[in-house]
file run_5.pdb (PDB, C-alpha atoms, pLDDT in the B column)
MODEL        1
ATOM      1  CA  MET G 401     104.435  93.340 102.168  1.00 36.00           C
ATOM      2  CA  THR G 402     107.537  93.534 104.293  1.00 40.00           C
ATOM      3  CA  ASN G 403     108.176  96.522 106.520  1.00 42.00           C
ATOM      4  CA  VAL G 404     111.761  97.100 105.430  1.00 41.00           C
ATOM      5  CA  SER G 405     113.158 100.391 106.601  1.00 44.00           C
ATOM      6  CA  GLY G 406     114.803 102.869 104.294  1.00 43.00           C
ATOM      7  CA  GLY G 407     118.047 102.288 106.180  1.00 48.00           C
ATOM      8  CA  THR G 408     118.013  98.583 105.320  1.00 65.00           C
ATOM      9  CA  LEU G 409     117.491  98.952 101.590  1.00 65.00           C
ATOM     10  CA  ARG G 410     119.708 100.946  99.260  1.00 56.00           C
ATOM     11  CA  ARG G 411     116.591 102.436  97.710  1.00 64.00           C
ATOM     12  CA  ARG G 412     113.066 102.405  99.093  1.00 67.00           C
ATOM     13  CA  PRO G 413     110.684 100.795  96.591  1.00 61.00           C
ATOM     14  CA  ALA G 414     108.084 103.387  95.676  1.00 58.00           C
ATOM     15  CA  GLN G 415     105.950 101.493  93.183  1.00 72.00           C
ATOM     16  CA  ARG G 416     103.978  98.304  93.664  1.00 81.00           C
ATOM     17  CA  ARG G 417     106.070  96.531  91.046  1.00 82.00           C
ATOM     18  CA  SER G 418     109.260  97.379  92.932  1.00 81.00           C
ATOM     19  CA  LEU G 419     107.748  96.244  96.221  1.00 87.00           C
ATOM     20  CA  GLU G 420     106.775  92.932  94.646  1.00 93.00           C
ATOM     21  CA  ARG G 421     110.302  92.478  93.293  1.00 93.00           C
ATOM     22  CA  VAL G 422     111.807  93.095  96.723  1.00 95.00           C
ATOM     23  CA  GLU G 423     109.408  90.580  98.259  1.00 95.00           C
ATOM     24  CA  ARG G 424     110.265  87.971  95.622  1.00 97.00           C
ATOM     25  CA  MET G 425     113.970  88.407  96.258  1.00 97.00           C
ATOM     26  CA  LEU G 426     113.463  88.014  99.996  1.00 97.00           C
ATOM     27  CA  ASP G 427     111.252  84.960  99.427  1.00 98.00           C
ATOM     28  CA  GLU G 428     113.869  83.298  97.217  1.00 98.00           C
ATOM     29  CA  CYS G 429     116.616  84.186  99.691  1.00 98.00           C
ATOM     30  CA  ALA G 430     114.656  82.391 102.429  1.00 98.00           C
ATOM     31  CA  ARG G 431     114.083  79.314 100.269  1.00 98.00           C
ATOM     32  CA  LEU G 432     117.733  79.137  99.235  1.00 97.00           C
ATOM     33  CA  LEU G 433     118.855  79.369 102.860  1.00 97.00           C
ATOM     34  CA  ASP G 434     116.799  76.246 103.594  1.00 96.00           C
ATOM     35  CA  GLU G 435     117.973  74.440 100.486  1.00 96.00           C
ATOM     36  CA  ALA G 436     121.676  75.279 100.392  1.00 95.00           C
ATOM     37  CA  GLY G 437     122.608  77.253 103.521  1.00 95.00           C
ATOM     38  CA  TYR G 438     124.117  80.690 103.975  1.00 95.00           C
ATOM     39  CA  GLU G 439     127.551  80.011 102.535  1.00 94.00           C
ATOM     40  CA  ALA G 440     126.112  78.754  99.219  1.00 95.00           C
ATOM     41  CA  LEU G 441     123.678  81.675  98.938  1.00 96.00           C
ATOM     42  CA  THR G 442     124.561  83.980  96.022  1.00 97.00           C
ATOM     43  CA  THR G 443     123.073  87.219  94.790  1.00 97.00           C
ATOM     44  CA  LYS G 444     123.108  85.894  91.237  1.00 97.00           C
ATOM     45  CA  GLU G 445     120.983  82.857  92.103  1.00 98.00           C
ATOM     46  CA  VAL G 446     118.539  84.922  94.165  1.00 98.00           C
ATOM     47  CA  ALA G 447     118.063  87.307  91.229  1.00 98.00           C
ATOM     48  CA  ARG G 448     117.652  84.436  88.767  1.00 98.00           C
ATOM     49  CA  ARG G 449     115.026  82.664  90.850  1.00 98.00           C
ATOM     50  CA  ALA G 450     113.199  85.901  91.621  1.00 97.00           C
ATOM     51  CA  GLU G 451     113.206  86.631  87.870  1.00 96.00           C
ATOM     52  CA  VAL G 452     114.793  90.067  88.218  1.00 96.00           C
ATOM     53  CA  PRO G 453     117.928  91.440  86.492  1.00 96.00           C
ATOM     54  CA  ILE G 454     121.027  91.368  88.673  1.00 97.00           C
ATOM     55  CA  GLY G 455     121.200  95.133  88.255  1.00 95.00           C
ATOM     56  CA  THR G 456     117.777  95.422  89.856  1.00 93.00           C
ATOM     57  CA  PHE G 457     119.028  93.367  92.808  1.00 96.00           C
ATOM     58  CA  TYR G 458     121.835  95.862  93.433  1.00 94.00           C
ATOM     59  CA  GLN G 459     119.449  98.772  93.221  1.00 93.00           C
ATOM     60  CA  PHE G 460     117.903  97.565  96.471  1.00 93.00           C
ATOM     61  CA  PHE G 461     120.568  95.464  98.236  1.00 95.00           C
ATOM     62  CA  PRO G 462     124.303  96.247  98.451  1.00 93.00           C
ATOM     63  CA  ASP G 463     125.328  92.596  98.775  1.00 95.00           C
ATOM     64  CA  LYS G 464     124.343  89.218 100.213  1.00 95.00           C
ATOM     65  CA  GLN G 465     124.664  90.492 103.774  1.00 93.00           C
ATOM     66  CA  GLY G 466     122.285  93.362 103.011  1.00 94.00           C
ATOM     67  CA  LEU G 467     119.749  90.918 101.603  1.00 96.00           C
ATOM     68  CA  VAL G 468     119.939  88.690 104.670  1.00 96.00           C
ATOM     69  CA  ARG G 469     119.682  91.737 106.932  1.00 95.00           C
ATOM     70  CA  ALA G 470     116.445  92.722 105.205  1.00 95.00           C
ATOM     71  CA  LEU G 471     115.132  89.158 105.560  1.00 97.00           C
ATOM     72  CA  ALA G 472     115.952  89.191 109.282  1.00 97.00           C
ATOM     73  CA  LEU G 473     114.063  92.454 109.701  1.00 95.00           C
ATOM     74  CA  ARG G 474     111.095  91.019 107.827  1.00 96.00           C
ATOM     75  CA  ASN G 475     111.200  88.016 110.156  1.00 97.00           C
ATOM     76  CA  LEU G 476     111.180  90.266 113.205  1.00 97.00           C
ATOM     77  CA  GLU G 477     108.243  92.296 111.899  1.00 95.00           C
ATOM     78  CA  ALA G 478     106.349  89.074 111.116  1.00 97.00           C
ATOM     79  CA  PHE G 479     107.060  87.720 114.622  1.00 97.00           C
ATOM     80  CA  LEU G 480     105.831  90.899 116.300  1.00 95.00           C
ATOM     81  CA  GLY G 481     102.799  90.974 114.021  1.00 94.00           C
ATOM     82  CA  ARG G 482     101.902  87.409 114.938  1.00 95.00           C
ATOM     83  CA  ILE G 483     102.174  88.192 118.652  1.00 93.00           C
ATOM     84  CA  THR G 484     100.054  91.326 118.325  1.00 90.00           C
ATOM     85  CA  ALA G 485      97.408  89.472 116.304  1.00 92.00           C
ATOM     86  CA  ARG G 486      97.233  86.641 118.831  1.00 89.00           C
ATOM     87  CA  LEU G 487      97.008  89.043 121.753  1.00 85.00           C
ATOM     88  CA  SER G 488      94.169  90.976 120.128  1.00 84.00           C
ATOM     89  CA  ALA G 489      92.238  87.747 119.592  1.00 86.00           C
ATOM     90  CA  VAL G 490      92.434  86.344 123.126  1.00 80.00           C
ATOM     91  CA  GLN G 491      91.548  87.481 126.618  1.00 78.00           C
ATOM     92  CA  LEU G 492      94.636  87.221 128.786  1.00 73.00           C
ATOM     93  CA  SER G 493      94.148  86.110 132.359  1.00 72.00           C
ATOM     94  CA  ASP G 494      97.776  86.581 133.384  1.00 73.00           C
ATOM     95  CA  TRP G 495     100.936  88.208 131.977  1.00 76.00           C
ATOM     96  CA  THR G 496     102.686  84.817 131.922  1.00 81.00           C
ATOM     97  CA  GLU G 497     100.473  83.894 128.981  1.00 86.00           C
ATOM     98  CA  VAL G 498     102.318  86.524 126.934  1.00 87.00           C
ATOM     99  CA  VAL G 499     105.586  84.678 127.555  1.00 92.00           C
ATOM    100  CA  ASP G 500     104.098  81.364 126.471  1.00 94.00           C
ATOM    101  CA  LEU G 501     102.471  82.935 123.432  1.00 93.00           C
ATOM    102  CA  ALA G 502     105.682  84.644 122.280  1.00 95.00           C
ATOM    103  CA  ILE G 503     107.723  81.465 122.641  1.00 97.00           C
ATOM    104  CA  ASP G 504     105.035  79.427 120.861  1.00 97.00           C
ATOM    105  CA  GLU G 505     105.048  81.870 117.928  1.00 97.00           C
ATOM    106  CA  PHE G 506     108.841  81.785 117.689  1.00 98.00           C
ATOM    107  CA  VAL G 507     108.836  77.982 117.691  1.00 98.00           C
ATOM    108  CA  ALA G 508     106.077  77.896 115.066  1.00 98.00           C
ATOM    109  CA  MET G 509     108.132  80.172 112.822  1.00 98.00           C
ATOM    110  CA  LYS G 510     111.229  78.010 113.325  1.00 97.00           C
ATOM    111  CA  ARG G 511     109.210  75.014 112.168  1.00 97.00           C
ATOM    112  CA  SER G 512     107.350  76.535 109.240  1.00 97.00           C
ATOM    113  CA  THR G 513     108.713  79.884 108.012  1.00 98.00           C
ATOM    114  CA  PRO G 514     111.138  79.500 105.065  1.00 98.00           C
ATOM    115  CA  GLY G 515     114.703  80.435 105.979  1.00 97.00           C
ATOM    116  CA  PHE G 516     113.870  81.086 109.644  1.00 97.00           C
ATOM    117  CA  ALA G 517     115.820  78.059 110.855  1.00 96.00           C
ATOM    118  CA  VAL G 518     118.973  79.564 109.324  1.00 97.00           C
ATOM    119  CA  VAL G 519     118.341  83.285 109.857  1.00 97.00           C
ATOM    120  CA  ASP G 520     115.710  84.310 112.378  1.00 96.00           C
ATOM    121  CA  PHE G 521     116.405  87.829 113.668  1.00 96.00           C
ATOM    122  CA  GLY G 522     119.893  88.246 112.241  1.00 93.00           C
ATOM    123  CA  GLU G 523     122.188  85.521 113.494  1.00 94.00           C
ATOM    124  CA  VAL G 524     123.160  83.052 110.796  1.00 96.00           C
ATOM    125  CA  LEU G 525     123.013  79.428 111.984  1.00 94.00           C
ATOM    126  CA  PRO G 526     124.937  77.063 109.686  1.00 90.00           C
ATOM    127  CA  SER G 527     123.330  74.130 111.533  1.00 86.00           C
ATOM    128  CA  PRO G 528     120.111  73.837 113.595  1.00 80.00           C
ATOM    129  CA  GLY G 529     120.503  75.515 116.962  1.00 82.00           C
ATOM    130  CA  GLY G 530     123.847  77.125 116.157  1.00 79.00           C
ATOM    131  CA  PRO G 531     126.488  78.105 116.954  1.00 87.00           C
ATOM    132  CA  ALA G 532     125.954  81.307 115.021  1.00 92.00           C
ATOM    133  CA  LEU G 533     128.300  82.427 112.285  1.00 93.00           C
ATOM    134  CA  LYS G 534     130.822  84.870 113.732  1.00 91.00           C
ATOM    135  CA  GLY G 535     130.026  88.489 113.028  1.00 90.00           C
ATOM    136  CA  THR G 536     126.277  88.046 112.559  1.00 94.00           C
ATOM    137  CA  GLU G 537     125.272  88.959 116.113  1.00 93.00           C
ATOM    138  CA  ARG G 538     124.894  92.582 114.948  1.00 92.00           C
ATOM    139  CA  MET G 539     123.165  91.892 111.641  1.00 91.00           C
ATOM    140  CA  LEU G 540     120.220  94.247 112.265  1.00 91.00           C
ATOM    141  CA  ASP G 541     122.292  97.173 113.526  1.00 89.00           C
ATOM    142  CA  THR G 542     126.059  97.531 113.667  1.00 87.00           C
ATOM    143  CA  ALA G 543     125.775  99.396 116.986  1.00 91.00           C
ATOM    144  CA  LEU G 544     123.509  96.926 118.819  1.00 93.00           C
ATOM    145  CA  GLU G 545     123.284  93.164 119.120  1.00 95.00           C
ATOM    146  CA  ASN G 546     120.270  91.533 117.505  1.00 96.00           C
ATOM    147  CA  ASN G 547     118.767  90.389 120.804  1.00 96.00           C
ATOM    148  CA  VAL G 548     118.932  93.916 122.216  1.00 96.00           C
ATOM    149  CA  ILE G 549     116.821  95.118 119.292  1.00 95.00           C
ATOM    150  CA  VAL G 550     114.367  92.234 119.740  1.00 96.00           C
ATOM    151  CA  ALA G 551     114.069  93.036 123.451  1.00 95.00           C
ATOM    152  CA  ASP G 552     113.448  96.709 122.693  1.00 93.00           C
ATOM    153  CA  ARG G 553     110.650  95.861 120.240  1.00 93.00           C
ATOM    154  CA  LEU G 554     109.069  93.492 122.774  1.00 91.00           C
ATOM    155  CA  ARG G 555     109.370  96.219 125.396  1.00 87.00           C
ATOM    156  CA  ALA G 556     106.766  98.341 123.597  1.00 85.00           C
ATOM    157  CA  ILE G 557     104.295  95.452 123.653  1.00 81.00           C
ATOM    158  CA  THR G 558     105.061  94.740 127.315  1.00 75.00           C
ATOM    159  CA  ILE G 559     104.506  98.321 128.409  1.00 76.00           C
ATOM    160  CA  GLU G 560     101.326  98.781 126.380  1.00 73.00           C
ATOM    161  CA  LEU G 561      99.640  95.512 127.338  1.00 69.00           C
ATOM    162  CA  LEU G 562     100.898  94.871 130.840  1.00 66.00           C
ATOM    163  CA  GLY G 563     101.435  98.333 132.244  1.00 67.00           C
ATOM    164  CA  ALA G 564     104.996  97.431 133.168  1.00 67.00           C
ATOM    165  CA  PRO G 565     107.056 100.191 134.801  1.00 71.00           C
ATOM    166  CA  ILE G 566     109.187 102.085 132.285  1.00 77.00           C
ATOM    167  CA  GLY G 567     112.868 102.310 133.109  1.00 83.00           C
ATOM    168  CA  PRO G 568     116.304 100.736 132.840  1.00 89.00           C
ATOM    169  CA  ARG G 569     115.373  97.869 135.182  1.00 87.00           C
ATOM    170  CA  LEU G 570     112.698  96.602 132.785  1.00 85.00           C
ATOM    171  CA  ASP G 571     114.940  97.208 129.776  1.00 90.00           C
ATOM    172  CA  ARG G 572     117.687  95.103 131.333  1.00 94.00           C
ATOM    173  CA  ALA G 573     115.267  92.381 132.390  1.00 92.00           C
ATOM    174  CA  LEU G 574     113.873  92.011 128.869  1.00 93.00           C
ATOM    175  CA  VAL G 575     117.357  91.744 127.357  1.00 96.00           C
ATOM    176  CA  VAL G 576     118.229  89.025 129.891  1.00 97.00           C
ATOM    177  CA  ALA G 577     114.947  87.211 129.181  1.00 96.00           C
ATOM    178  CA  VAL G 578     115.489  87.305 125.410  1.00 97.00           C
ATOM    179  CA  GLU G 579     119.092  86.113 125.762  1.00 97.00           C
ATOM    180  CA  ALA G 580     118.038  83.276 128.064  1.00 98.00           C
ATOM    181  CA  ALA G 581     115.176  82.202 125.804  1.00 98.00           C
ATOM    182  CA  ASP G 582     117.449  82.361 122.760  1.00 97.00           C
ATOM    183  CA  ALA G 583     120.015  80.071 124.398  1.00 97.00           C
ATOM    184  CA  VAL G 584     117.497  77.471 125.596  1.00 98.00           C
ATOM    185  CA  LEU G 585     115.591  77.436 122.301  1.00 97.00           C
ATOM    186  CA  LYS G 586     118.842  76.934 120.395  1.00 96.00           C
ATOM    187  CA  LEU G 587     119.445  73.924 122.641  1.00 96.00           C
ATOM    188  CA  ALA G 588     115.914  72.659 121.910  1.00 97.00           C
ATOM    189  CA  PHE G 589     116.515  72.775 118.156  1.00 96.00           C
ATOM    190  CA  ARG G 590     119.959  71.208 118.467  1.00 95.00           C
ATOM    191  CA  SER G 591     118.367  68.329 120.359  1.00 96.00           C
ATOM    192  CA  ARG G 592     115.593  67.802 117.807  1.00 95.00           C
ATOM    193  CA  PRO G 593     115.135  69.280 114.334  1.00 93.00           C
ATOM    194  CA  ASP G 594     111.578  70.324 115.202  1.00 95.00           C
ATOM    195  CA  GLY G 595     112.493  71.515 118.704  1.00 97.00           C
ATOM    196  CA  ASP G 596     112.483  69.365 121.817  1.00 98.00           C
ATOM    197  CA  PRO G 597     109.067  70.004 123.464  1.00 98.00           C
ATOM    198  CA  GLU G 598     110.379  69.404 126.982  1.00 98.00           C
ATOM    199  CA  LEU G 599     113.148  71.969 126.517  1.00 98.00           C
ATOM    200  CA  ILE G 600     110.660  74.418 125.024  1.00 98.00           C
ATOM    201  CA  ASP G 601     108.526  74.007 128.168  1.00 98.00           C
ATOM    202  CA  GLU G 602     111.622  74.542 130.317  1.00 98.00           C
ATOM    203  CA  CYS G 603     112.308  77.745 128.400  1.00 98.00           C
ATOM    204  CA  LYS G 604     108.827  79.036 129.208  1.00 98.00           C
ATOM    205  CA  ARG G 605     109.229  78.211 132.905  1.00 97.00           C
ATOM    206  CA  LEU G 606     112.649  79.850 133.072  1.00 97.00           C
ATOM    207  CA  VAL G 607     111.489  83.114 131.466  1.00 97.00           C
ATOM    208  CA  ARG G 608     108.251  83.270 133.476  1.00 94.00           C
ATOM    209  CA  ARG G 609     110.066  82.798 136.781  1.00 94.00           C
ATOM    210  CA  TYR G 610     112.697  85.376 135.944  1.00 94.00           C
ATOM    211  CA  LEU G 611     110.265  88.030 134.721  1.00 90.00           C
ATOM    212  CA  SER G 612     107.961  87.479 137.728  1.00 88.00           C
ATOM    213  CA  GLU G 613     110.358  89.699 139.678  1.00 85.00           C
ATOM    214  CA  HIS G 614     110.100  92.538 137.135  1.00 79.00           C
ATOM    215  CA  LEU G 615     106.514  92.575 135.878  1.00 73.00           C
ATOM    216  CA  PRO G 616     103.383  93.597 137.789  1.00 63.00           C
ATOM    217  CA  GLN G 617     101.595  90.779 139.578  1.00 62.00           C
ATOM    218  CA  GLU G 618      97.829  90.250 139.484  1.00 54.00           C
TER
ENDMDL
END
call {"tool": "encode", "arguments": {"input": "run_5.pdb", "output": "structure tokens"}}
result
Amino acid sequence: MTNVSGGTLRRRPAQRRSLERVERMLDECARLLDEAGYEALTTKEVARRAEVPIGTFYQFFPDKQGLVRALALRNLEAFLGRITARLSAVQLSDWTEVVDLAIDEFVAMKRSTPGFAVVDFGEVLPSPGGPALKGTERMLDTALENNVIVADRLRAITIELLGAPIGPRLDRALVVAVEAADAVLKLAFRSRPDGDPELIDECKRLVRRYLSEHLPQE
């Protein structure tokens, strides 16, 4: 089940049936984004395909933007969950492996997760690799840009696993790293629908070299 916060949904689903309905609506939203794109996405069609009354849709989501915001949050939780699961299953020899692992998981989701190519962590991409639809850079939180939120969530993993020094220097470095990776990976998916492997490798090198000045060395 998705970890959608009470602030994202109009009403928090309390029963299993309600949770399943919310999941179905998010699933159909993701599929429709792949099939028709963001502009053609409608609340009516999502409700129809999820087999829920339109009134039920509006019990949980205020509008199309609210639905997409919830999908973006689900994507972020899934991404962080995948990273955590991978890290718990392997023995890291160096912190740079975390960078490679995170980028690999993001690329895998771009290639296989429904709707992720259009809406990953909030930005809406009308075409592969952008540019993003204006006004969607703060989809997750009206006060903060999406990448700032992603960096903050990655910060917790970085501190816990790598013993990185807590403070504004690390916070700033992670925001820069996420922004840089985002830009290069957009370029990779503009170059090839499945992501240019050479550009993906360049992204890993760029982020590793930059963060080497901010993370503890072996």
call {"tool": "closest_atom_pairs", "arguments": {"input": "run_5.pdb", "of": "range 412-485 of chain G", "to": "range 543-561 of chain G", "cutoff": "8 Å", "atoms": "only C-alpha atoms", "output": "Markdown table"}}
result
| residue | atom | partner | partner_atom | distance |
| --- | --- | --- | --- | --- |
| G:Leu476 | CA | G:Val550 | CA | 7.5 |
| G:Leu480 | CA | G:Leu554 | CA | 7.7 |
| G:Thr484 | CA | G:Ile557 | CA | 8.0 |
call {"tool": "resolve_selection", "arguments": {"input": "run_5.pdb", "expression": "the PyMOL selection byres ((chain G and resi 573-587) around 9)", "output": "PyMOL selection string"}}
result
chain G and resi 503+507+528-531+547-552+554-555+568-572+588-592+595-596+599-600+602-604+606-608+610-611+614
call {"tool": "atom_distance", "arguments": {"input": "run_5.pdb", "atom1": "CA of Pro453 in chain G", "atom2": "CA of Leu533 in chain G"}}
result
29.2 Å
call {"tool": "residues_near_point", "arguments": {"input": "run_5.pdb", "point": "(115.3, 96.7, 94.1)", "cutoff": "7 Å", "atoms": "only C-alpha atoms", "output": "list in words"}}
result
Arg411, Pro413, Ser418, Arg421, Val422, Thr456, Phe457, Tyr458, Gln459, Phe460 and Phe461 of chain G
call {"tool": "atom_distance", "arguments": {"input": "run_5.pdb", "atom1": "CA of Arg416 in chain G", "atom2": "CA of Ile483 in chain G"}}
result
27.0 Å
call {"tool": "atom_distance", "arguments": {"input": "run_5.pdb", "atom1": "CA of Leu525 in chain G", "atom2": "CA of Ala485 in chain G"}}
result
27.8 Å
call {"tool": "residues_around", "arguments": {"input": "run_5.pdb", "residues": "Met539 in chain G", "least_positions_apart": "6", "cutoff": "10 Å", "atoms": "only C-alpha atoms", "output": "number ranges by chain"}}
result
G: 465-466, 468-470, 472-473, 521-524, 545-546
call {"tool": "resolve_selection", "arguments": {"input": "run_5.pdb", "expression": "the PyMOL selection byres ((chain G and resi 447-452) around 9)", "output": "PyMOL selection string"}}
result
chain G and resi 421-429+442-446+453-457
